[in-house]
file final04.cif (mmCIF, C-alpha atoms and all ligand atoms)
data_entry
#
loop_
_atom_site.label_atom_id
_atom_site.label_comp_id
_atom_site.auth_asym_id
_atom_site.auth_seq_id
_atom_site.Cartn_x
_atom_site.Cartn_y
_atom_site.Cartn_z
CA MET A 1 11.02 23.75 2.52
CA ARG A 2 7.50 22.88 3.67
CA SER A 3 5.50 20.67 1.30
CA ILE A 4 2.30 22.33 0.18
CA LEU A 5 0.61 18.90 0.26
CA GLY A 6 0.61 18.96 4.04
CA ILE A 7 -1.22 22.29 4.28
CA LYS A 8 -4.96 21.98 4.75
CA SER A 9 -6.99 24.05 2.27
CA GLU A 10 -8.29 26.48 4.96
CA GLU A 11 -4.74 27.28 6.05
CA LEU A 12 -3.61 27.64 2.43
CA ARG A 13 -6.49 30.03 1.80
CA ASP A 14 -5.43 32.16 4.80
CA ILE A 15 -1.83 32.22 3.55
CA ILE A 16 -2.62 33.37 0.05
CA VAL A 17 -5.35 35.84 1.10
CA LYS A 18 -2.77 37.40 3.44
CA GLU A 19 -0.52 37.76 0.39
CA GLY A 20 -3.32 39.65 -1.38
CA TYR A 21 -4.77 36.92 -3.64
CA GLU A 22 -8.37 35.75 -4.02
CA PRO A 23 -9.55 32.67 -2.06
CA TYR A 24 -10.55 30.85 -5.28
CA ARG A 25 -6.85 30.55 -6.13
CA VAL A 26 -6.67 27.70 -3.60
CA ARG A 27 -9.00 25.58 -5.74
CA GLN A 28 -6.89 26.29 -8.82
CA ILE A 29 -3.72 25.25 -7.00
CA LEU A 30 -5.32 22.02 -5.72
CA GLU A 31 -6.59 21.19 -9.21
CA TRP A 32 -3.11 21.59 -10.67
CA ILE A 33 -1.65 19.31 -8.03
CA TYR A 34 -4.31 16.64 -7.50
CA GLU A 35 -6.06 16.45 -10.87
CA LYS A 36 -3.23 17.35 -13.23
CA ALA A 37 -0.32 16.12 -11.07
CA VAL A 38 1.75 19.17 -11.98
CA LEU A 39 4.92 19.25 -9.89
CA ASP A 40 6.14 22.75 -10.70
CA PHE A 41 4.41 25.95 -9.52
CA TYR A 42 5.70 27.84 -12.58
CA SER A 43 3.65 25.57 -14.86
CA MET A 44 0.37 26.56 -13.18
CA SER A 45 -0.52 28.82 -16.03
CA ASN A 46 -3.78 30.31 -14.74
CA LEU A 47 -2.12 31.68 -11.57
CA PRO A 48 -0.67 35.21 -11.54
CA LYS A 49 3.09 35.20 -12.06
CA GLU A 50 3.70 36.78 -8.63
CA LEU A 51 1.66 34.07 -6.92
CA ARG A 52 3.68 31.39 -8.71
CA ASN A 53 6.87 33.14 -7.54
CA PHE A 54 5.54 33.30 -3.99
CA LEU A 55 4.60 29.61 -3.94
CA SER A 56 7.93 28.53 -5.45
CA GLY A 57 9.87 30.61 -2.96
CA ASN A 58 8.02 29.29 0.08
CA PHE A 59 6.86 25.74 -0.60
CA SER A 60 7.88 22.52 -2.27
CA ILE A 61 5.26 20.19 -3.76
CA LEU A 62 6.69 16.75 -3.00
CA PRO A 63 8.33 16.13 0.38
CA PHE A 64 10.81 13.63 -1.10
CA ASP A 65 13.15 13.09 -4.06
CA LEU A 66 13.21 10.20 -6.49
CA LEU A 67 16.42 8.30 -5.75
CA THR A 68 16.17 5.59 -8.37
CA TYR A 69 13.65 3.37 -10.12
CA ALA A 70 13.47 -0.08 -11.70
CA GLN A 71 11.16 -1.06 -14.51
CA ASP A 72 10.03 -4.07 -16.49
CA GLU A 73 7.06 -4.67 -18.82
CA GLU A 74 4.53 -4.84 -16.00
CA THR A 75 5.83 -2.73 -13.14
CA ILE A 76 7.75 0.39 -12.24
CA LYS A 77 9.21 0.50 -8.78
CA PHE A 78 10.22 3.91 -7.38
CA LEU A 79 12.66 4.46 -4.52
CA PHE A 80 12.30 7.81 -2.75
CA LYS A 81 14.44 9.68 -0.24
CA THR A 82 12.71 11.72 2.44
CA GLU A 83 13.86 15.07 3.80
CA ASP A 84 15.28 13.29 6.88
CA GLY A 85 17.35 10.97 4.66
CA LEU A 86 15.25 7.79 4.85
CA THR A 87 14.22 5.68 1.88
CA PHE A 88 10.92 4.07 0.93
CA GLU A 89 9.25 2.62 -2.16
CA SER A 90 6.08 2.55 -4.17
CA VAL A 91 5.20 0.28 -7.09
CA LEU A 92 3.08 0.94 -10.15
CA ILE A 93 1.58 -2.18 -11.70
CA PHE A 94 0.21 -2.40 -15.25
CA HIS A 95 -2.38 -5.02 -15.99
CA HIS A 96 -4.15 -4.82 -19.37
CA ASN A 97 -5.49 -1.25 -19.40
CA ARG A 98 -5.53 -0.91 -15.65
CA ARG A 99 -2.89 0.89 -13.62
CA THR A 100 -2.67 0.10 -9.92
CA LEU A 101 -0.46 1.98 -7.50
CA CYS A 102 0.84 0.17 -4.43
CA LEU A 103 1.44 2.74 -1.69
CA SER A 104 3.71 2.49 1.33
CA SER A 105 2.40 3.71 4.67
CA GLN A 106 5.50 3.33 6.85
CA ILE A 107 9.29 3.40 6.45
CA GLY A 108 10.24 -0.17 7.29
CA CYS A 109 7.65 -2.17 9.19
CA PRO A 110 7.29 -2.99 12.89
CA ILE A 111 5.55 -6.31 12.16
CA GLN A 112 8.94 -7.88 11.29
CA CYS A 113 7.77 -10.79 9.14
CA ARG A 114 10.71 -13.18 8.79
CA PHE A 115 10.49 -13.48 5.02
CA CYS A 116 10.01 -9.78 4.21
CA ALA A 117 12.79 -7.32 3.36
CA THR A 118 10.76 -4.38 4.72
CA GLY A 119 10.33 -6.04 8.12
CA GLU A 120 14.08 -5.99 8.78
CA SER A 121 13.82 -2.49 10.24
CA PHE A 122 11.32 0.16 11.25
CA TYR A 123 11.94 3.92 11.29
CA ARG A 124 8.66 5.81 11.37
CA ASN A 125 5.22 6.32 9.90
CA LEU A 126 5.04 8.11 6.59
CA THR A 127 3.31 11.49 6.82
CA TYR A 128 0.12 12.33 4.94
CA GLU A 129 2.10 14.33 2.38
CA GLU A 130 4.63 11.49 1.87
CA ILE A 131 1.81 9.02 1.15
CA ILE A 132 -0.34 11.20 -1.13
CA GLY A 133 2.91 12.44 -2.74
CA GLN A 134 3.55 8.87 -4.00
CA TYR A 135 0.28 9.05 -5.94
CA ILE A 136 0.94 12.49 -7.40
CA PHE A 137 4.49 11.55 -8.34
CA ALA A 138 3.45 8.31 -10.08
CA LYS A 139 0.66 10.04 -12.01
CA SER A 140 2.99 12.81 -13.08
CA TYR A 141 5.71 10.28 -14.03
CA ILE A 142 3.57 8.22 -16.39
CA LYS A 143 1.41 11.18 -17.48
CA LYS A 144 -1.68 9.00 -17.22
CA ASP A 145 -4.42 8.70 -14.67
CA ILE A 146 -4.29 6.02 -11.97
CA ARG A 147 -7.67 4.87 -10.63
CA SER A 148 -6.76 1.83 -8.53
CA ILE A 149 -4.91 2.04 -5.22
CA VAL A 150 -3.67 -0.63 -2.84
CA PHE A 151 -2.05 -0.03 0.53
CA MET A 152 0.21 -3.06 0.17
CA GLY A 153 3.64 -1.45 0.07
CA MET A 154 5.99 -1.00 3.00
CA GLY A 155 4.36 -1.01 6.42
CA GLU A 156 1.16 -1.95 8.20
CA PRO A 157 -1.48 0.66 7.23
CA PHE A 158 -3.55 0.16 10.40
CA LEU A 159 -0.56 1.30 12.47
CA ASN A 160 -0.71 4.66 10.68
CA GLU A 161 -4.46 5.08 10.55
CA GLU A 162 -4.76 8.84 10.84
CA ASN A 163 -2.55 9.58 7.82
CA VAL A 164 -3.90 6.66 5.77
CA TYR A 165 -7.50 7.82 6.27
CA ARG A 166 -6.60 11.39 5.39
CA VAL A 167 -5.04 10.11 2.16
CA ILE A 168 -8.16 8.05 1.41
CA ASP A 169 -10.30 11.17 1.95
CA THR A 170 -8.18 13.05 -0.59
CA LEU A 171 -8.22 10.16 -3.08
CA THR A 172 -12.00 9.82 -2.92
CA GLU A 173 -13.12 13.43 -2.43
CA GLU A 174 -10.48 15.50 -4.23
CA ILE A 175 -9.25 13.05 -6.90
CA LYS A 176 -12.62 11.24 -7.20
CA ILE A 177 -11.31 7.68 -7.11
CA SER A 178 -14.05 5.24 -6.18
CA PRO A 179 -13.51 3.84 -2.65
CA ARG A 180 -14.29 0.43 -4.17
CA HIS A 181 -11.04 0.77 -6.11
CA ILE A 182 -9.02 1.28 -2.94
CA THR A 183 -7.80 -1.71 -0.91
CA ILE A 184 -6.14 -1.76 2.49
CA SER A 185 -4.04 -4.82 3.16
CA THR A 186 -3.36 -5.76 6.78
CA SER A 187 -1.34 -8.37 8.61
CA GLY A 188 -4.33 -8.62 10.98
CA ILE A 189 -4.92 -5.75 13.46
CA PRO A 190 -8.43 -6.48 14.82
CA GLN A 191 -9.25 -2.93 15.94
CA GLY A 192 -8.01 -1.52 12.63
CA ILE A 193 -10.26 -3.93 10.72
CA VAL A 194 -13.34 -2.85 12.70
CA ASN A 195 -12.39 0.83 12.43
CA LEU A 196 -12.23 0.52 8.63
CA ALA A 197 -15.75 -0.94 8.54
CA TYR A 198 -17.15 2.07 10.37
CA ARG A 199 -14.93 4.72 8.89
CA ASN A 200 -14.89 3.71 5.21
CA PRO A 201 -17.21 0.76 4.51
CA LYS A 202 -16.74 0.90 0.73
CA VAL A 203 -12.96 0.58 0.88
CA ARG A 204 -11.88 -3.04 0.29
CA LEU A 205 -10.02 -5.13 2.82
CA ALA A 206 -7.28 -7.69 2.23
CA PHE A 207 -5.91 -9.84 5.03
CA SER A 208 -2.47 -11.46 4.71
CA ILE A 209 -2.59 -14.59 6.79
CA TRP A 210 0.73 -16.36 5.96
CA THR A 211 -0.35 -19.54 7.80
CA PRO A 212 -3.55 -20.90 9.36
CA ASP A 213 -1.47 -22.37 12.17
CA GLU A 214 -1.13 -20.28 15.37
CA ASP A 215 2.24 -21.81 16.36
CA LYS A 216 3.78 -21.22 12.94
CA ARG A 217 2.51 -17.62 12.97
CA LYS A 218 4.51 -16.96 16.13
CA ILE A 219 7.67 -17.82 14.20
CA LEU A 220 6.80 -16.32 10.82
CA VAL A 221 5.10 -13.08 11.88
CA PRO A 222 6.18 -12.54 15.49
CA LEU A 223 4.49 -9.20 16.09
CA ALA A 224 1.33 -9.97 14.13
CA SER A 225 0.91 -13.09 16.24
CA ARG A 226 0.24 -11.03 19.38
CA TYR A 227 -3.25 -10.86 17.88
CA LYS A 228 -4.74 -14.34 18.07
CA LEU A 229 -6.29 -15.71 14.89
CA ASN A 230 -9.60 -16.06 16.72
CA ASP A 231 -9.63 -12.34 17.52
CA ILE A 232 -8.78 -11.47 13.94
CA LEU A 233 -11.54 -13.74 12.62
CA LYS A 234 -14.00 -12.13 15.01
CA SER A 235 -13.09 -8.68 13.67
CA LEU A 236 -13.42 -9.96 10.08
CA ARG A 237 -16.93 -11.23 10.81
CA GLU A 238 -17.82 -7.84 12.28
CA TYR A 239 -16.34 -6.14 9.20
CA VAL A 240 -18.49 -8.30 6.91
CA ASP A 241 -21.63 -7.69 8.99
CA ILE A 242 -21.16 -3.94 8.79
CA THR A 243 -20.00 -3.58 5.19
CA GLY A 244 -21.40 -6.61 3.36
CA ASN A 245 -18.03 -6.80 1.53
CA ARG A 246 -16.21 -9.99 0.73
CA ILE A 247 -12.64 -10.09 2.01
CA SER A 248 -9.59 -10.95 0.01
CA VAL A 249 -7.31 -13.35 1.89
CA GLU A 250 -3.74 -13.00 0.67
CA TYR A 251 -1.80 -16.22 1.05
CA THR A 252 1.86 -16.24 0.06
CA LEU A 253 3.17 -19.76 -0.45
CA LEU A 254 6.44 -20.53 1.33
CA LYS A 255 8.01 -23.77 0.18
CA GLY A 256 7.62 -26.57 2.71
CA ILE A 257 6.25 -24.14 5.34
CA ASN A 258 2.64 -23.40 4.47
CA ASP A 259 1.97 -25.03 1.10
CA SER A 260 0.66 -28.52 1.99
CA ASN A 261 -2.85 -29.88 1.39
CA ASN A 262 -3.26 -29.88 5.15
CA ASP A 263 -2.56 -26.11 5.21
CA ALA A 264 -5.18 -25.59 2.49
CA TYR A 265 -7.67 -27.66 4.43
CA LYS A 266 -7.03 -25.69 7.65
CA LEU A 267 -7.36 -22.42 5.74
CA VAL A 268 -10.76 -23.34 4.36
CA ARG A 269 -11.96 -24.48 7.78
CA LEU A 270 -10.81 -21.22 9.33
CA PHE A 271 -12.89 -19.17 6.89
CA SER A 272 -15.85 -21.55 6.65
CA ASP A 273 -18.35 -18.90 7.83
CA ILE A 274 -16.71 -15.77 6.36
CA PRO A 275 -17.19 -14.68 2.73
CA VAL A 276 -13.67 -14.59 1.35
CA PHE A 277 -11.75 -15.36 -1.78
CA PHE A 278 -8.13 -16.46 -1.74
CA ASN A 279 -5.35 -14.74 -3.62
CA VAL A 280 -2.55 -17.28 -3.59
CA ILE A 281 0.77 -15.57 -4.23
CA LEU A 282 4.17 -16.87 -5.25
CA TYR A 283 6.86 -15.66 -2.88
CA ASN A 284 9.67 -13.36 -4.05
CA PRO A 285 12.70 -14.46 -1.96
CA LYS A 286 13.94 -11.35 -0.16
CA ASP A 287 17.64 -11.78 -1.07
CA GLU A 288 20.32 -14.35 -1.85
CA SER A 289 20.85 -15.19 1.84
CA THR A 290 17.27 -16.37 2.32
CA THR A 291 16.45 -19.76 3.79
CA ILE A 292 12.81 -19.43 2.74
CA TYR A 293 12.05 -20.42 -0.84
CA ARG A 294 9.23 -20.12 -3.33
CA THR A 295 6.84 -22.94 -4.11
CA SER A 296 6.94 -24.05 -7.76
CA VAL A 297 4.18 -22.84 -10.09
CA GLU A 298 2.94 -26.44 -10.52
CA GLU A 299 2.67 -26.97 -6.75
CA ALA A 300 0.99 -23.58 -6.37
CA GLN A 301 -1.57 -24.51 -9.03
CA LYS A 302 -2.33 -27.73 -7.15
CA PHE A 303 -2.76 -25.75 -3.92
CA VAL A 304 -5.24 -23.42 -5.63
CA GLU A 305 -7.10 -26.38 -7.13
CA PHE A 306 -7.32 -27.96 -3.68
CA LEU A 307 -8.88 -24.77 -2.24
CA ARG A 308 -11.38 -24.73 -5.10
CA ASN A 309 -12.27 -28.37 -4.57
CA LEU A 310 -13.03 -27.48 -0.97
CA GLY A 311 -15.55 -24.94 -2.24
CA LYS A 312 -13.62 -21.66 -2.02
CA GLU A 313 -12.86 -19.16 -4.78
CA ALA A 314 -9.11 -19.00 -5.28
CA HIS A 315 -6.75 -17.38 -7.77
CA LEU A 316 -3.04 -17.79 -8.32
CA ARG A 317 -1.17 -14.52 -8.59
CA ILE A 318 2.29 -14.69 -10.03
CA SER A 319 4.11 -11.82 -8.30
CA LYS A 320 4.76 -9.00 -10.68
CA GLY A 321 8.17 -7.40 -10.78
CA LEU A 322 10.17 -10.50 -9.91
CA LYS A 323 12.97 -9.25 -12.12
CA ILE A 324 13.13 -5.87 -10.42
CA SER A 325 13.17 -6.69 -6.71
CA GLY A 326 9.41 -6.75 -6.83
CA ALA A 327 8.31 -7.61 -3.30
CA CYS A 328 8.00 -4.75 -0.86
CA GLY A 329 11.27 -3.49 0.56
CA GLN A 330 13.47 -5.29 -1.94
CA LEU A 331 14.54 -2.34 -4.09
CA ARG A 332 15.26 -0.39 -0.92
CA GLY A 333 17.19 -3.34 0.52
CA ALA A 334 19.27 -3.67 -2.64
CA TYR A 335 19.99 0.07 -2.62
CA GLU A 336 21.00 0.14 1.05
CA ARG A 337 23.37 -2.81 0.50
CA VAL A 338 25.32 -1.18 -2.34
CA LYS A 339 25.27 2.49 -1.39
S1 LIG A 401 5.09 -8.52 4.95
FE1 LIG A 401 3.90 -6.64 5.29
S2 LIG A 401 3.39 -6.73 7.48
FE2 LIG A 401 5.07 -8.19 7.18
S3 LIG A 401 6.95 -7.01 7.61
FE3 LIG A 401 6.55 -6.91 5.40
S4 LIG A 401 5.43 -4.98 5.14
FE4 LIG A 401 5.27 -5.55 7.31
#
call {"tool": "encode", "arguments": {"input": "final04.cif", "output": "structure tokens", "more": "lines below"}}
Ligand code: SF4
result
Amino acid sequence: MRSILGIKSEELRDIIVKEGYEPYRVRQILEWIYEKAVLDFYSMSNLPKELRNFLSGNFSILPFDLLTYAQDEETIKFLFKTEDGLTFESVLIFHHNRRTLCLSSQIGCPIQCRFCATGESFYRNLTYEEIIGQYIFAKSYIKKDIRSIVFMGMGEPFLNEENVYRVIDTLTEEIKISPRHITISTSGIPQGIVNLAYRNPKVRLAFSIWTPDEDKRKILVPLASRYKLNDILKSLREYVDITGNRISVEYTLLKGINDSNNDAYKLVRLFSDIPVFFNVILYNPKDESTTIYRTSVEEAQKFVEFLRNLGKEAHLRISKGLKISGACGQLRGAYERVK
């Protein structure tokens, strides 16, 4: 059945007017879905019963089913199954009173980072309705509002720009989330970075760099390395010029690979003329067979201190959800292995 999320409001208006209902019913339906996260047409109590019957008989709301979920004190990770039988995840993170939803934009990821469970395969882009559906599902599941969004789940958002921007339009215009509370995280697609600056200058940008060393990038992030670091830095400077925003540089420490003082020094040199702050992240090994390991907390703290001593703002982020296959693609990977 067709998901109502994918129908633009003008088309929905035409459909229900043709059925004999008033155009203002569209607004009521959208409010039930986007503001109240109601996932059942029969619960939309201000709609005529016949209209609820019509909607239920012709449309679904979500274009996927919840397959399973994993939960600890700080995170809930959802695994969904699409209508074409593929699986993808989203993660809800609780931090003090703040709830942040980490959205996926693709099923698998074509960037193929060596240390990432998601990068082991790529199937397709998620549709608009599959991305916005993650938000509506999560809000409905916890029965609380979610006002902070990060595109840091499965996939490279700048390789699915059209759908990601349509979702951002809905989040900001329909659901009224501040664009400053939305972050797109990229592995470094220069044109995508510049496009964001023009298209949505208030939306925040995070860049995952993995290593400041061009040769190591070729091994660690083979597809991302087709974009030279110099080209990425150029696009980041342009982004800053246009938006005035500082950029978050995400740096996941990989034991013995990118966690030396020399790496920290090179990092700081690379961003010497760009306003950034570093989020240093502890790696979640993707599975038992990994040959890439996590840096100890003590070493990570020293790395952060070194960045600070070189004059850069830096924070250590202990990955949430370690107990529940927390890094992107891990719950899906675990499910695919045992199913
Ligand atoms: S780390 Fe990010 S960019 Fe790299 S493969 Fe995984 S999802 Fe893709």
call {"tool": "closest_residue", "arguments": {"input": "final04.cif", "among": "A:Ser178, A:Asn245, A:Ser56, A:Asn284", "to": "A:Ile318", "atoms": "only C-alpha atoms"}}
result
A:Asn284
call {"tool": "atom_distance", "arguments": {"input": "final04.cif", "atom1": "atom CA of A:Ile111", "atom2": "atom CA of A:Glu214"}}
result
15.8 Å
call {"tool": "axis_aligned_box", "arguments": {"input": "final04.cif", "around": "stretch 292-310 of chain A", "padding_each_side": "5 Å", "output": "JSON"}}
result
{"center_x": -0.1, "center_y": -23.9, "center_z": -3.9, "size_x": 35.8, "size_y": 18.9, "size_z": 23.3}
call {"tool": "closest_residue", "arguments": {"input": "final04.cif", "among": "A:Thr118, A:Asn261, A:Gln134, A:Thr100", "to": "ligand LIG 401 (chain A)", "atoms": "all atoms listed in the file"}}
result
A:Thr118
call {"tool": "residues_around", "arguments": {"input": "final04.cif", "residues": "A:Arg217", "least_positions_apart": "5", "cutoff": "10 Å", "atoms": "only C-alpha atoms", "output": "ChimeraX atom specification"}}
result
/A:113,209-212,222-226,228-229
call {"tool": "write_last_selection", "arguments": {"input": "final04.cif", "atoms": "C-alpha atoms", "output": "CSV table (one decimal), in the coordinates of the input"}}
result
chain,number,residue,atom,x,y,z
A,113,CYS,CA,7.8,-10.8,9.1
A,209,ILE,CA,-2.6,-14.6,6.8
A,210,TRP,CA,0.7,-16.4,6.0
A,211,THR,CA,-0.4,-19.5,7.8
A,212,PRO,CA,-3.6,-20.9,9.4
A,222,PRO,CA,6.2,-12.5,15.5
A,223,LEU,CA,4.5,-9.2,16.1
A,224,ALA,CA,1.3,-10.0,14.1
A,225,SER,CA,0.9,-13.1,16.2
A,226,ARG,CA,0.2,-11.0,19.4
A,228,LYS,CA,-4.7,-14.3,18.1
A,229,LEU,CA,-6.3,-15.7,14.9
call {"tool": "closest_atom_pairs", "arguments": {"input": "final04.cif", "of": "chain A", "to": "ligand LIG 401 (chain A)", "cutoff": "7 Å", "atoms": "all atoms listed in the file", "output": "CSV"}}
result
residue,atom,partner,partner_atom,distance
A:Cys109,CA,A:LIG401,FE4,4.5
A:Pro110,CA,A:LIG401,FE4,6.5
A:Ile111,CA,A:LIG401,S3,4.8
A:Gln112,CA,A:LIG401,S3,4.3
A:Cys113,CA,A:LIG401,S3,4.2
A:Cys116,CA,A:LIG401,FE3,4.7
A:Ala117,CA,A:LIG401,FE3,6.6
A:Thr118,CA,A:LIG401,FE3,5.0
A:Gly119,CA,A:LIG401,S3,3.6
A:Gly153,CA,A:LIG401,S4,6.4
A:Met154,CA,A:LIG401,S4,4.6
A:Gly155,CA,A:LIG401,S4,4.3
A:Glu156,CA,A:LIG401,S2,5.3
A:Thr186,CA,A:LIG401,S2,6.9
A:Ser187,CA,A:LIG401,S2,5.1
A:Val221,CA,A:LIG401,FE2,6.8
A:Cys328,CA,A:LIG401,S4,6.5
call {"tool": "residues_around", "arguments": {"input": "final04.cif", "residues": "A:Glu89", "least_positions_apart": "4", "cutoff": "10 Å", "atoms": "all atoms listed in the file", "output": "VMD selection string"}}
result
chain A and resid 66 to 69 77 to 81 102 to 108 118 134 153 to 154 328 to 332
call {"tool": "residues_around", "arguments": {"input": "final04.cif", "residues": "A:Ile142", "least_positions_apart": "5", "cutoff": "10 Å", "atoms": "only C-alpha atoms", "output": "list in words"}}
result
Ile76, Leu92 and Phe137 of chain A
call {"tool": "closest_atom_pairs", "arguments": {"input": "final04.cif", "of": "stretch 42-99 of chain A", "to": "stretch 24-38 of chain A", "cutoff": "9 Å", "atoms": "all atoms listed in the file", "output": "tab-separated table"}}
result
residue	atom	partner	partner_atom	distance
A:Ser43	CA	A:Val38	CA	7.3
A:Met44	CA	A:Trp32	CA	6.6
A:Asn46	CA	A:Gln28	CA	7.8
A:Leu47	CA	A:Arg25	CA	7.3
A:Ile61	CA	A:Ile33	CA	8.2
call {"tool": "closest_residue", "arguments": {"input": "final04.cif", "among": "A:Asp263, A:Glu250, A:Glu19, A:Glu173", "to": "A:Leu55", "atoms": "only C-alpha atoms"}}
result
A:Glu19
call {"tool": "atom_distance", "arguments": {"input": "final04.cif", "atom1": "atom CA of A:Lys302", "atom2": "atom CA of A:Phe271"}}
result
19.5 Å
call {"tool": "residues_around", "arguments": {"input": "final04.cif", "residues": "A:Leu267", "least_positions_apart": "6", "cutoff": "12 Å", "atoms": "all atoms listed in the file", "output": "ChimeraX atom specification"}}
result
/A:209-214,229,233,249-251,258-261,273-274,276-278,280,303-304,306-308,310-312,314
call {"tool": "closest_residue", "arguments": {"input": "final04.cif", "among": "A:Arg180, A:Leu196, A:Pro201, A:Leu62", "to": "A:Ile131", "atoms": "all atoms listed in the file"}}
result
A:Leu62
call {"tool": "closest_residue", "arguments": {"input": "final04.cif", "among": "A:Asn230, A:Ser90, A:Asn125, A:Gln301", "to": "A:Ile189", "atoms": "only C-alpha atoms"}}
result
A:Asn230
call {"tool": "atom_distance", "arguments": {"input": "final04.cif", "atom1": "atom CA of A:Glu313", "atom2": "atom CA of A:Leu205"}}
result
16.2 Å
call {"tool": "decode", "arguments": {"input": "final04.cif", "residues": "stretch 115-127 of chain A", "atoms": "N, CA and C atoms", "output": "PDB file, in the first residue's frame"}}
result
ATOM      1  N   PHE A 115      36.239   0.191   8.511  1.00  0.00           N
ATOM      2  CA  PHE A 115      35.973  -0.122   9.914  1.00  0.00           C
ATOM      3  C   PHE A 115      34.484  -0.031  10.244  1.00  0.00           C
ATOM      4  N   CYS A 116      33.638   0.125   9.205  1.00  0.00           N
ATOM      5  CA  CYS A 116      32.220   0.419   9.458  1.00  0.00           C
ATOM      6  C   CYS A 116      31.344  -0.723   8.958  1.00  0.00           C
ATOM      7  N   ALA A 117      30.445  -1.198   9.825  1.00  0.00           N
ATOM      8  CA  ALA A 117      29.565  -2.305   9.450  1.00  0.00           C
ATOM      9  C   ALA A 117      28.641  -1.913   8.293  1.00  0.00           C
ATOM     10  N   THR A 118      28.189  -0.671   8.269  1.00  0.00           N
ATOM     11  CA  THR A 118      27.283  -0.239   7.197  1.00  0.00           C
ATOM     12  C   THR A 118      27.963  -0.289   5.838  1.00  0.00           C
ATOM     13  N   GLY A 119      29.261   0.049   5.815  1.00  0.00           N
ATOM     14  CA  GLY A 119      29.975   0.149   4.537  1.00  0.00           C
ATOM     15  C   GLY A 119      30.251  -1.199   3.878  1.00  0.00           C
ATOM     16  N   GLU A 120      29.802  -2.294   4.498  1.00  0.00           N
ATOM     17  CA  GLU A 120      30.072  -3.603   3.890  1.00  0.00           C
ATOM     18  C   GLU A 120      29.196  -3.865   2.679  1.00  0.00           C
ATOM     19  N   SER A 121      28.126  -3.103   2.533  1.00  0.00           N
ATOM     20  CA  SER A 121      27.257  -3.296   1.364  1.00  0.00           C
ATOM     21  C   SER A 121      26.504  -1.994   1.081  1.00  0.00           C
ATOM     22  N   PHE A 122      25.987  -1.896  -0.140  1.00  0.00           N
ATOM     23  CA  PHE A 122      25.132  -0.753  -0.468  1.00  0.00           C
ATOM     24  C   PHE A 122      23.984  -1.246  -1.342  1.00  0.00           C
ATOM     25  N   TYR A 123      22.756  -0.865  -0.973  1.00  0.00           N
ATOM     26  CA  TYR A 123      21.590  -1.312  -1.741  1.00  0.00           C
ATOM     27  C   TYR A 123      20.946  -0.161  -2.494  1.00  0.00           C
ATOM     28  N   ARG A 124      20.550   0.875  -1.759  1.00  0.00           N
ATOM     29  CA  ARG A 124      19.891   2.001  -2.434  1.00  0.00           C
ATOM     30  C   ARG A 124      19.745   3.174  -1.480  1.00  0.00           C
ATOM     31  N   ASN A 125      19.348   4.311  -2.060  1.00  0.00           N
ATOM     32  CA  ASN A 125      18.988   5.456  -1.222  1.00  0.00           C
ATOM     33  C   ASN A 125      17.670   5.175  -0.515  1.00  0.00           C
ATOM     34  N   LEU A 126      17.523   5.714   0.687  1.00  0.00           N
ATOM     35  CA  LEU A 126      16.207   5.690   1.321  1.00  0.00           C
ATOM     36  C   LEU A 126      15.343   6.766   0.663  1.00  0.00           C
ATOM     37  N   THR A 127      14.044   6.489   0.558  1.00  0.00           N
ATOM     38  CA  THR A 127      13.121   7.474  -0.017  1.00  0.00           C
ATOM     39  C   THR A 127      12.821   8.559   1.026  1.00  0.00           C
TER      40      THR A 127
END
